[in-house]
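Heads up, my_file36.pdb below (PDB, C-alpha atoms and all ligand atoms):
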ATOM      1  CA  MET T 114      21.529  20.539 153.814  1.00  0.00           C
ATOM      2  CA  PHE T 115      18.847  18.347 152.366  1.00  0.00           C
ATOM      3  CA  VAL T 116      20.433  15.067 153.299  1.00  0.00           C
ATOM      4  CA  THR T 117      18.555  14.643 156.540  1.00  0.00           C
ATOM      5  CA  GLN T 118      15.321  15.475 154.840  1.00  0.00           C
ATOM      6  CA  ILE T 119      15.966  12.959 152.090  1.00  0.00           C
ATOM      7  CA  ILE T 120      16.816  10.221 154.558  1.00  0.00           C
ATOM      8  CA  SER T 121      13.629  10.780 156.497  1.00  0.00           C
ATOM      9  CA  THR T 122      11.662  11.009 153.280  1.00  0.00           C
ATOM     10  CA  ILE T 123      12.826   7.639 152.029  1.00  0.00           C
ATOM     11  CA  ALA T 124      12.397   6.007 155.425  1.00  0.00           C
ATOM     12  CA  SER T 125       8.654   5.616 155.076  1.00  0.00           C
ATOM     13  CA  CYS T 126       7.096   2.740 153.159  1.00  0.00           C
ATOM     14  CA  SER T 127       3.735   4.387 152.658  1.00  0.00           C
ATOM     15  CA  VAL T 128       4.800   7.639 151.047  1.00  0.00           C
ATOM     16  CA  ASP T 129       5.705   7.971 147.420  1.00  0.00           C
ATOM     17  CA  PRO T 130       8.592  10.437 147.495  1.00  0.00           C
ATOM     18  CA  GLY T 131       8.221  11.552 143.915  1.00  0.00           C
ATOM     19  CA  GLU T 132      11.211  11.884 141.661  1.00  0.00           C
ATOM     20  CA  LEU T 133      14.431  10.467 143.042  1.00  0.00           C
ATOM     21  CA  THR T 134      17.970  10.669 141.841  1.00  0.00           C
ATOM     22  CA  PRO T 135      19.600   7.299 141.157  1.00  0.00           C
ATOM     23  CA  GLU T 136      21.740   7.857 144.242  1.00  0.00           C
ATOM     24  CA  GLN T 137      18.679   8.399 146.385  1.00  0.00           C
ATOM     25  CA  ALA T 138      17.048   5.391 144.845  1.00  0.00           C
ATOM     26  CA  HIS T 139      20.046   3.229 145.636  1.00  0.00           C
ATOM     27  CA  ARG T 140      19.905   4.407 149.220  1.00  0.00           C
ATOM     28  CA  ALA T 141      16.191   3.769 149.386  1.00  0.00           C
ATOM     29  CA  MET T 142      16.637   0.249 148.064  1.00  0.00           C
ATOM     30  CA  GLN T 143      19.072  -0.423 150.883  1.00  0.00           C
ATOM     31  CA  VAL T 144      16.759   1.043 153.488  1.00  0.00           C
ATOM     32  CA  HIS T 145      13.823  -0.976 152.161  1.00  0.00           C
ATOM     33  CA  LEU T 146      15.785  -4.100 151.365  1.00  0.00           C
ATOM     34  CA  SER T 147      13.373  -6.376 153.211  1.00  0.00           C
ATOM     35  CA  CYS T 148      10.229  -4.698 151.941  1.00  0.00           C
ATOM     36  CA  SER T 149       7.888  -6.123 149.345  1.00  0.00           C
ATOM     37  CA  VAL T 150       7.311  -3.966 146.290  1.00  0.00           C
ATOM     38  CA  ASP T 151       3.624  -4.739 146.652  1.00  0.00           C
ATOM     39  CA  ALA T 152       3.487  -3.184 150.089  1.00  0.00           C
ATOM     40  CA  CYS T 153       6.189  -0.576 149.873  1.00  0.00           C
ATOM     41  CA  ARG T 154       5.641   2.454 147.678  1.00  0.00           C
ATOM     42  CA  MET T 155       9.116   3.679 148.415  1.00  0.00           C
ATOM     43  CA  ARG T 156      10.720   0.510 147.123  1.00  0.00           C
ATOM     44  CA  ARG T 157       8.542   0.576 144.033  1.00  0.00           C
ATOM     45  CA  ARG T 158       9.559   4.117 143.254  1.00  0.00           C
ATOM     46  CA  ALA T 159      13.220   3.431 143.925  1.00  0.00           C
ATOM     47  CA  ARG T 160      13.210   0.386 141.692  1.00  0.00           C
ATOM     48  CA  ARG T 161      11.528   2.283 138.891  1.00  0.00           C
ATOM     49  CA  THR T 162      14.021   5.090 139.220  1.00  0.00           C
ATOM     50  CA  LEU T 163      16.911   2.682 138.932  1.00  0.00           C
ATOM     51  CA  VAL T 164      15.383   0.895 135.981  1.00  0.00           C
ATOM     52  CA  GLU T 165      14.747   4.162 134.188  1.00  0.00           C
ATOM     53  CA  ALA T 166      18.283   5.263 134.948  1.00  0.00           C
ATOM     54  CA  LYS T 167      19.501   1.943 133.537  1.00  0.00           C
ATOM     55  CA  ARG T 168      21.176   1.252 136.850  1.00  0.00           C
ATOM     56  CA  MET T 169      19.314  -1.954 137.282  1.00  0.00           C
ATOM     57  CA  VAL T 170      17.800  -4.499 134.954  1.00  0.00           C
ATOM     58  CA  LEU T 171      14.663  -6.221 136.058  1.00  0.00           C
ATOM     59  CA  ASP T 172      15.167  -9.920 136.366  1.00  0.00           C
ATOM     60  CA  GLU T 173      11.960 -11.868 136.521  1.00  0.00           C
ATOM     61  CA  ARG T 174      13.700 -14.770 138.167  1.00  0.00           C
ATOM     62  CA  ALA T 175      14.724 -12.609 141.097  1.00  0.00           C
ATOM     63  CA  THR T 176      12.469 -11.148 143.721  1.00  0.00           C
ATOM     64  CA  PRO T 177      12.317  -7.452 142.995  1.00  0.00           C
TER      65      PRO T 177
HETATM   66 ZN    ZN T 201       9.627  -0.144 152.699  1.00  0.00          ZN
END
Hey, can you dump this file as structure tokens for me?
Ligand SMILES: [Zn+2]
Amino acid sequence: MFVTQIISTIASCSVDPGELTPEQAHRAMQVHLSCSVDACRMRRRARRTLVEAKRMVLDERATP
């Protein structure tokens, strides 16, 4: 169904995918594990999604 589309959507660093489900955000975080949040819009969005979903707590000591 939409899985392939979602995977390709979250594969790009330069495109903000819009609203994500926490599951999609988790997946995106894995895909963009080595990205910087400064450079990667996808990672930024995924992190925000997880924070808003209370799936992840920001830790200032850790690299986001
Ligand atoms: Zn990225």
Starting from the shown file, work through the PyMOL selection byres (((not hetatm)) within 6 of (chain T and resi 201)) and note down what comes out as a CSV table (one decimal) with C-alpha atoms, in the frame of the given file.
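The resulting file, part22.csv, is shown below:
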chain,number,residue,atom,x,y,z
T,126,CYS,CA,7.1,2.7,153.2
T,145,HIS,CA,13.8,-1.0,152.2
T,148,CYS,CA,10.2,-4.7,151.9
T,153,CYS,CA,6.2,-0.6,149.9
T,155,MET,CA,9.1,3.7,148.4
T,156,ARG,CA,10.7,0.5,147.1
Problem set entry | Near-Arg154 (chain T) list (10 Å; all atoms listed in the file; drop same-chain fewer than 5 positions) as number ranges by chain | T: 123, 125-130, 145, 148-149, 159-160
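Residue nearest Glu136 (chain T) within the list T:Arg157, T:Thr162, T:Asp151, T:Ala124: T:Thr162 [criterion: smallest interatomic distance, only C-alpha atoms].
Note that CA of Gly131 (chain T) and CA of Lys167 (chain T) are 18.1 Å apart.
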Exercise. Just so the selection is clear, what residues does the PyMOL selection byres (((chain T and resi 135) around 9) and not hetatm) cover here, as number ranges by chain?
Worked result: T: 133-134, 136-140, 159, 162-163, 166, 168
